[in-house]
$ cat run16.cif   # mmCIF, N, CA, C and O atoms and all ligand atoms
data_data
loop_
_atom_site.label_atom_id
_atom_site.label_comp_id
_atom_site.auth_asym_id
_atom_site.auth_seq_id
_atom_site.Cartn_x
_atom_site.Cartn_y
_atom_site.Cartn_z
N MET A 536 30.32 -4.78 -18.28
CA MET A 536 29.59 -5.35 -17.15
C MET A 536 28.39 -4.45 -16.82
O MET A 536 28.52 -3.24 -16.74
N GLU A 537 27.27 -5.06 -16.61
CA GLU A 537 26.05 -4.30 -16.35
C GLU A 537 25.58 -4.50 -14.93
O GLU A 537 25.78 -5.57 -14.35
N HIS A 538 24.95 -3.52 -14.39
CA HIS A 538 24.36 -3.63 -13.06
C HIS A 538 22.88 -3.31 -13.15
O HIS A 538 22.47 -2.44 -13.90
N THR A 539 22.11 -4.01 -12.37
CA THR A 539 20.69 -3.67 -12.26
C THR A 539 20.37 -3.52 -10.78
O THR A 539 21.08 -4.04 -9.92
N ILE A 540 19.30 -2.80 -10.50
CA ILE A 540 18.95 -2.54 -9.09
C ILE A 540 17.53 -3.02 -8.85
O ILE A 540 16.64 -2.84 -9.69
N HIS A 541 17.34 -3.70 -7.73
CA HIS A 541 16.05 -4.30 -7.39
C HIS A 541 15.69 -3.97 -5.96
O HIS A 541 16.56 -3.73 -5.13
N HIS A 542 14.40 -4.06 -5.68
CA HIS A 542 13.94 -3.98 -4.29
C HIS A 542 14.59 -5.10 -3.50
O HIS A 542 14.67 -6.24 -3.98
N GLY A 543 15.09 -4.80 -2.31
CA GLY A 543 15.76 -5.80 -1.49
C GLY A 543 14.93 -6.11 -0.26
O GLY A 543 15.06 -5.46 0.76
N PRO A 544 14.04 -7.09 -0.34
CA PRO A 544 13.10 -7.34 0.76
C PRO A 544 13.78 -7.71 2.07
O PRO A 544 13.22 -7.50 3.15
N GLU A 545 15.01 -8.25 2.00
CA GLU A 545 15.66 -8.69 3.24
C GLU A 545 15.98 -7.52 4.16
O GLU A 545 16.14 -7.70 5.36
N GLY A 546 16.06 -6.30 3.62
CA GLY A 546 16.33 -5.14 4.47
C GLY A 546 15.08 -4.62 5.15
O GLY A 546 15.15 -3.79 6.04
N GLY A 547 13.91 -5.09 4.70
CA GLY A 547 12.66 -4.64 5.30
C GLY A 547 12.32 -3.21 4.91
O GLY A 547 12.96 -2.60 4.05
N ILE A 548 11.30 -2.71 5.56
CA ILE A 548 10.84 -1.34 5.34
C ILE A 548 11.02 -0.60 6.65
O ILE A 548 10.78 -1.16 7.72
N VAL A 549 11.48 0.64 6.57
CA VAL A 549 11.72 1.45 7.76
C VAL A 549 10.75 2.63 7.74
O VAL A 549 10.64 3.32 6.74
N PHE A 550 10.07 2.84 8.86
CA PHE A 550 9.13 3.95 8.99
C PHE A 550 9.72 4.96 9.96
O PHE A 550 10.29 4.59 11.00
N GLU A 551 9.58 6.25 9.63
CA GLU A 551 10.07 7.28 10.52
C GLU A 551 9.19 8.52 10.40
O GLU A 551 8.73 8.85 9.30
N ALA A 552 8.93 9.18 11.52
CA ALA A 552 8.18 10.44 11.53
C ALA A 552 9.11 11.55 12.01
O ALA A 552 9.90 11.35 12.93
N PHE A 553 9.04 12.70 11.34
CA PHE A 553 9.87 13.86 11.65
C PHE A 553 8.96 15.01 12.02
O PHE A 553 8.06 15.36 11.25
N CYS A 554 9.22 15.64 13.16
CA CYS A 554 8.46 16.83 13.54
C CYS A 554 8.85 17.99 12.63
O CYS A 554 10.03 18.22 12.39
N MET A 555 7.86 18.69 12.09
CA MET A 555 8.11 19.78 11.15
C MET A 555 8.05 21.16 11.80
O MET A 555 8.20 22.17 11.13
N THR A 556 7.81 21.19 13.11
CA THR A 556 7.76 22.49 13.78
C THR A 556 9.14 23.14 13.74
O THR A 556 10.14 22.49 14.06
N VAL A 557 9.18 24.41 13.34
CA VAL A 557 10.46 25.13 13.23
C VAL A 557 11.17 25.10 14.58
O VAL A 557 10.57 25.36 15.63
N GLY A 558 12.45 24.76 14.55
CA GLY A 558 13.24 24.75 15.77
C GLY A 558 13.19 23.43 16.52
O GLY A 558 13.90 23.26 17.50
N CYS A 559 12.37 22.51 16.08
CA CYS A 559 12.28 21.19 16.72
C CYS A 559 12.80 20.16 15.72
O CYS A 559 12.31 20.09 14.61
N ASP A 560 13.80 19.39 16.13
CA ASP A 560 14.32 18.39 15.19
C ASP A 560 14.05 16.97 15.70
O ASP A 560 14.79 16.05 15.42
N ALA A 561 12.96 16.82 16.45
CA ALA A 561 12.64 15.51 17.00
C ALA A 561 12.21 14.54 15.89
O ALA A 561 11.53 14.94 14.94
N THR A 562 12.64 13.29 16.00
CA THR A 562 12.15 12.25 15.08
C THR A 562 11.87 10.98 15.89
O THR A 562 12.38 10.80 17.00
N SER A 563 11.10 10.12 15.29
CA SER A 563 10.77 8.86 15.95
C SER A 563 11.95 7.90 15.90
O SER A 563 11.94 6.88 16.58
N GLY A 564 12.93 8.18 15.03
CA GLY A 564 13.95 7.18 14.75
C GLY A 564 13.36 6.13 13.82
O GLY A 564 12.14 6.07 13.63
N GLY A 565 14.18 5.32 13.22
CA GLY A 565 13.70 4.29 12.31
C GLY A 565 12.94 3.21 13.07
O GLY A 565 13.44 2.70 14.07
N GLN A 566 11.73 2.90 12.61
CA GLN A 566 10.89 1.89 13.27
C GLN A 566 10.52 0.81 12.28
O GLN A 566 10.27 1.09 11.11
N GLU A 567 10.45 -0.43 12.76
CA GLU A 567 10.07 -1.52 11.87
C GLU A 567 8.57 -1.54 11.61
O GLU A 567 8.11 -2.07 10.60
N GLU A 568 7.81 -0.98 12.57
CA GLU A 568 6.35 -0.96 12.43
C GLU A 568 5.89 0.47 12.23
O GLU A 568 6.28 1.36 12.96
N GLN A 569 5.01 0.67 11.24
CA GLN A 569 4.50 2.00 10.99
C GLN A 569 3.81 2.55 12.24
O GLN A 569 3.92 3.73 12.56
N GLU A 570 3.10 1.67 12.94
CA GLU A 570 2.36 2.11 14.12
C GLU A 570 3.28 2.70 15.18
O GLU A 570 2.89 3.63 15.89
N ALA A 571 4.49 2.20 15.29
CA ALA A 571 5.41 2.72 16.31
C ALA A 571 5.78 4.16 15.99
O ALA A 571 5.89 5.00 16.89
N ALA A 572 5.98 4.48 14.70
CA ALA A 572 6.31 5.85 14.32
C ALA A 572 5.11 6.77 14.55
O ALA A 572 5.27 7.92 15.01
N LEU A 573 3.91 6.27 14.26
CA LEU A 573 2.72 7.09 14.46
C LEU A 573 2.43 7.29 15.95
O LEU A 573 2.05 8.39 16.37
N ASP A 574 2.64 6.26 16.75
CA ASP A 574 2.46 6.40 18.21
C ASP A 574 3.42 7.45 18.76
O ASP A 574 3.06 8.24 19.62
N TRP A 575 4.66 7.43 18.24
CA TRP A 575 5.62 8.43 18.70
C TRP A 575 5.09 9.83 18.38
O TRP A 575 5.17 10.74 19.22
N ALA A 576 4.53 10.04 17.17
CA ALA A 576 4.02 11.36 16.77
C ALA A 576 2.89 11.79 17.70
O ALA A 576 2.83 12.95 18.14
N LEU A 577 2.00 10.86 18.04
CA LEU A 577 0.89 11.19 18.94
C LEU A 577 1.42 11.62 20.31
O LEU A 577 0.95 12.60 20.89
N ARG A 578 2.41 10.89 20.80
CA ARG A 578 2.98 11.24 22.11
C ARG A 578 3.70 12.57 22.04
O ARG A 578 3.63 13.38 22.96
N HIS A 579 4.40 12.82 20.93
CA HIS A 579 5.14 14.07 20.78
C HIS A 579 4.15 15.25 20.76
O HIS A 579 4.40 16.27 21.40
N THR A 580 3.04 15.10 20.06
CA THR A 580 2.02 16.16 20.06
C THR A 580 1.48 16.37 21.47
O THR A 580 1.30 17.50 21.92
N GLY A 581 1.25 15.27 22.19
CA GLY A 581 0.73 15.37 23.55
C GLY A 581 1.68 16.14 24.46
O GLY A 581 1.26 16.92 25.32
N ARG A 582 2.98 15.91 24.28
CA ARG A 582 3.98 16.57 25.12
C ARG A 582 4.21 18.02 24.74
O ARG A 582 4.45 18.86 25.59
N THR A 583 4.20 18.31 23.43
CA THR A 583 4.73 19.60 22.95
C THR A 583 3.69 20.47 22.26
O THR A 583 3.91 21.65 22.08
N GLY A 584 2.59 19.87 21.78
CA GLY A 584 1.63 20.62 20.97
C GLY A 584 2.03 20.70 19.51
O GLY A 584 1.26 21.21 18.69
N HIS A 585 3.22 20.20 19.16
CA HIS A 585 3.64 20.18 17.75
C HIS A 585 2.74 19.19 17.00
O HIS A 585 2.58 18.05 17.43
N ASP A 586 2.17 19.63 15.87
CA ASP A 586 1.16 18.77 15.26
C ASP A 586 1.33 18.54 13.76
O ASP A 586 0.42 18.04 13.10
N VAL A 587 2.49 18.88 13.21
CA VAL A 587 2.74 18.57 11.79
C VAL A 587 3.99 17.71 11.70
O VAL A 587 5.04 18.04 12.27
N PHE A 588 3.88 16.59 10.99
CA PHE A 588 4.97 15.63 10.87
C PHE A 588 5.18 15.27 9.40
O PHE A 588 4.23 15.24 8.62
N ARG A 589 6.41 14.98 9.07
CA ARG A 589 6.70 14.36 7.77
C ARG A 589 6.87 12.88 8.03
O ARG A 589 7.59 12.47 8.95
N ARG A 590 6.18 12.08 7.26
CA ARG A 590 6.27 10.63 7.44
C ARG A 590 7.09 10.05 6.30
O ARG A 590 6.85 10.35 5.14
N GLU A 591 8.01 9.19 6.67
CA GLU A 591 8.90 8.63 5.67
C GLU A 591 8.82 7.11 5.75
O GLU A 591 8.79 6.55 6.84
N CYS A 592 8.78 6.50 4.60
CA CYS A 592 8.73 5.04 4.50
C CYS A 592 9.83 4.67 3.51
O CYS A 592 9.82 5.10 2.37
N THR A 593 10.81 3.90 3.97
CA THR A 593 12.02 3.66 3.19
C THR A 593 12.18 2.17 2.94
O THR A 593 12.09 1.37 3.88
N ASP A 594 12.44 1.80 1.71
CA ASP A 594 12.74 0.39 1.47
C ASP A 594 14.24 0.25 1.18
O ASP A 594 15.00 1.21 1.29
N HIS A 595 14.66 -0.95 0.88
CA HIS A 595 16.07 -1.21 0.59
C HIS A 595 16.19 -1.67 -0.86
O HIS A 595 15.25 -2.24 -1.42
N ALA A 596 17.33 -1.44 -1.42
CA ALA A 596 17.58 -1.86 -2.80
C ALA A 596 18.88 -2.67 -2.85
O ALA A 596 19.79 -2.44 -2.06
N ARG A 597 18.92 -3.59 -3.76
CA ARG A 597 20.13 -4.38 -3.96
C ARG A 597 20.56 -4.24 -5.41
O ARG A 597 19.74 -4.39 -6.33
N VAL A 598 21.85 -3.99 -5.61
CA VAL A 598 22.39 -3.91 -6.97
C VAL A 598 22.96 -5.28 -7.33
O VAL A 598 23.69 -5.89 -6.54
N ILE A 599 22.62 -5.75 -8.48
CA ILE A 599 23.08 -7.05 -8.93
C ILE A 599 23.92 -6.86 -10.19
O ILE A 599 23.52 -6.14 -11.12
N ARG A 600 25.08 -7.49 -10.21
CA ARG A 600 25.99 -7.39 -11.33
C ARG A 600 25.69 -8.51 -12.32
O ARG A 600 25.62 -9.68 -11.94
N ARG A 601 25.47 -8.13 -13.56
CA ARG A 601 25.23 -9.14 -14.59
C ARG A 601 26.48 -9.25 -15.43
O ARG A 601 26.94 -8.28 -16.00
N GLU A 602 27.04 -10.45 -15.52
CA GLU A 602 28.31 -10.62 -16.24
C GLU A 602 28.05 -11.05 -17.67
O GLU A 602 27.08 -11.70 -17.94
ZN ZN B 701 8.37 18.80 17.73
#

$ encode --input "run16.cif" --output "structure tokens"
Amino acid sequence: MEHTIHHGPEGGIVFEAFCMTVGCDATSGGQEEQEAALDWALRHTGRTGHDVFRRECTDHARVIRRE
């Protein structure tokens, strides 16, 4: 039995920003819109002065069994 893996569009794409300042583990949480993650980063910088973020964009995959 073989399996193949494909992009799974039904799961959508998740955007998240992570603050990279040492000692700060703040993140935007998973957002459906990229802009929401970026807005969170702008607000976080405004509040804290932290100005380096890791941006993550995650898709979903589906494994399909071929008989
Ligand atoms: Zn921070």

$ select_by_dssp --input "run16.cif" --residues "chain A" --states "strand (DSSP E or B)" --output "PyMOL selection string"
chain A and resi 537-542+549-554+562+566+588-593+596-601

$ residues_around --input "run16.cif" --residues "range 590-595 of chain A" --least-positions-apart "3" --cutoff "7 Å" --atoms "only C-alpha atoms" --output "list in words"
His542, Gly543, Pro544, Gly546, Gly547, Ile548, Val549, Phe550, Glu551, Ala552 and Phe553 of chain A

$ select_by_dssp --input "run16.cif" --residues "range 542-601 of chain A" --states "helix (DSSP H, G or I)" --output "PyMOL selection string"
chain A and resi 544-546+569-583

$ residues_near_ligand --input "run16.cif" --ligand "ligand ZN 701 (chain B)" --cutoff "5 Å" --atoms "only N, CA, C and O atoms and all ligand atoms" --output "PyMOL selection string"
chain A and resi 554+559+585

$ write_last_selection --input "run16.cif" --atoms "N, CA, C and O atoms" --output "mmCIF file, keeping the file's coordinate frame"
data_model
loop_
_atom_site.group_PDB
_atom_site.id
_atom_site.type_symbol
_atom_site.label_atom_id
_atom_site.label_comp_id
_atom_site.auth_asym_id
_atom_site.auth_seq_id
_atom_site.Cartn_x
_atom_site.Cartn_y
_atom_site.Cartn_z
ATOM 1 N N CYS A 554 9.220 15.640 13.160
ATOM 2 C CA CYS A 554 8.460 16.830 13.540
ATOM 3 C C CYS A 554 8.850 17.990 12.630
ATOM 4 O O CYS A 554 10.030 18.220 12.390
ATOM 5 N N CYS A 559 12.370 22.510 16.080
ATOM 6 C CA CYS A 559 12.280 21.190 16.720
ATOM 7 C C CYS A 559 12.800 20.160 15.720
ATOM 8 O O CYS A 559 12.310 20.090 14.610
ATOM 9 N N HIS A 585 3.220 20.200 19.160
ATOM 10 C CA HIS A 585 3.640 20.180 17.750
ATOM 11 C C HIS A 585 2.740 19.190 17.000
ATOM 12 O O HIS A 585 2.580 18.050 17.430
#

$ atom_distance --input "run16.cif" --atom1 "CA of Glu570 in chain A" --atom2 "CA of His541 in chain A"
26.3 Å

$ residues_near_point --input "run16.cif" --point "(3.5, 10.2, 20.1)" --cutoff "12 Å" --atoms "only C-alpha atoms" --output "list in words"
Glu551, Ala552, Phe553, Cys554, Ala561, Thr562, Ser563, Glu570, Ala571, Ala572, Leu573, Asp574, Trp575, Ala576, Leu577, Arg578, His579, Thr580, Gly581, Arg582, Thr583, Gly584, His585, Asp586, Val587 and Phe588 of chain A

$ build_atoms --input "run16.cif" --residues "range 545-556 of chain A" --atoms "all heavy atoms" --output "compact mmCIF listing (two decimals), keeping the file's coordinate frame"
# COMPACT_ATOMS: atom_id res chain seq x y z
N GLU A 545 15.01 -8.25 2.00
CA GLU A 545 15.66 -8.69 3.24
C GLU A 545 15.98 -7.52 4.16
O GLU A 545 16.14 -7.70 5.36
CB GLU A 545 16.93 -9.50 2.94
CG GLU A 545 18.02 -8.72 2.23
CD GLU A 545 17.87 -8.72 0.72
OE1 GLU A 545 16.73 -8.62 0.21
OE2 GLU A 545 18.91 -8.81 0.04
N GLY A 546 16.06 -6.30 3.62
CA GLY A 546 16.33 -5.14 4.47
C GLY A 546 15.08 -4.62 5.15
O GLY A 546 15.15 -3.79 6.04
N GLY A 547 13.91 -5.09 4.70
CA GLY A 547 12.66 -4.64 5.30
C GLY A 547 12.32 -3.21 4.91
O GLY A 547 12.96 -2.60 4.05
N ILE A 548 11.30 -2.71 5.56
CA ILE A 548 10.84 -1.34 5.34
C ILE A 548 11.02 -0.60 6.65
O ILE A 548 10.78 -1.16 7.72
CB ILE A 548 9.34 -1.35 4.96
CG1 ILE A 548 9.11 -2.29 3.78
CG2 ILE A 548 8.83 0.07 4.71
CD1 ILE A 548 8.80 -1.66 2.48
N VAL A 549 11.48 0.64 6.57
CA VAL A 549 11.72 1.45 7.76
C VAL A 549 10.75 2.63 7.74
O VAL A 549 10.64 3.32 6.74
CB VAL A 549 13.17 1.96 7.81
CG1 VAL A 549 13.39 2.84 9.03
CG2 VAL A 549 14.14 0.78 7.83
N PHE A 550 10.07 2.84 8.86
CA PHE A 550 9.13 3.95 8.99
C PHE A 550 9.72 4.96 9.96
O PHE A 550 10.29 4.59 11.00
CB PHE A 550 7.79 3.45 9.54
CG PHE A 550 7.12 2.45 8.64
CD1 PHE A 550 7.30 1.09 8.86
CD2 PHE A 550 6.34 2.86 7.58
CE1 PHE A 550 6.69 0.16 8.03
CE2 PHE A 550 5.73 1.94 6.75
CZ PHE A 550 5.91 0.58 6.97
N GLU A 551 9.58 6.25 9.63
CA GLU A 551 10.07 7.28 10.52
C GLU A 551 9.19 8.52 10.40
O GLU A 551 8.73 8.85 9.30
CB GLU A 551 11.53 7.62 10.18
CG GLU A 551 12.19 8.52 11.22
CD GLU A 551 13.72 8.53 11.13
OE1 GLU A 551 14.27 7.82 10.26
OE2 GLU A 551 14.34 9.23 11.93
N ALA A 552 8.93 9.18 11.52
CA ALA A 552 8.18 10.44 11.53
C ALA A 552 9.11 11.55 12.01
O ALA A 552 9.90 11.35 12.93
CB ALA A 552 6.97 10.32 12.46
N PHE A 553 9.04 12.70 11.34
CA PHE A 553 9.87 13.86 11.65
C PHE A 553 8.96 15.01 12.02
O PHE A 553 8.06 15.36 11.25
CB PHE A 553 10.70 14.27 10.43
CG PHE A 553 11.64 13.21 9.93
CD1 PHE A 553 11.19 12.16 9.16
CD2 PHE A 553 12.99 13.29 10.24
CE1 PHE A 553 12.07 11.18 8.71
CE2 PHE A 553 13.87 12.31 9.78
CZ PHE A 553 13.41 11.26 9.02
N CYS A 554 9.22 15.64 13.16
CA CYS A 554 8.46 16.83 13.54
C CYS A 554 8.85 17.99 12.63
O CYS A 554 10.03 18.22 12.39
CB CYS A 554 8.75 17.18 15.00
SG CYS A 554 7.82 18.63 15.54
N MET A 555 7.86 18.69 12.09
CA MET A 555 8.11 19.78 11.15
C MET A 555 8.05 21.16 11.80
O MET A 555 8.20 22.17 11.13
CB MET A 555 7.08 19.73 10.01
CG MET A 555 7.25 18.56 9.07
SD MET A 555 8.71 18.76 7.99
CE MET A 555 9.94 17.82 8.88
N THR A 556 7.81 21.19 13.11
CA THR A 556 7.76 22.49 13.78
C THR A 556 9.14 23.14 13.74
O THR A 556 10.14 22.49 14.06
CB THR A 556 7.28 22.32 15.23
OG1 THR A 556 5.94 21.81 15.21
CG2 THR A 556 7.29 23.66 15.98
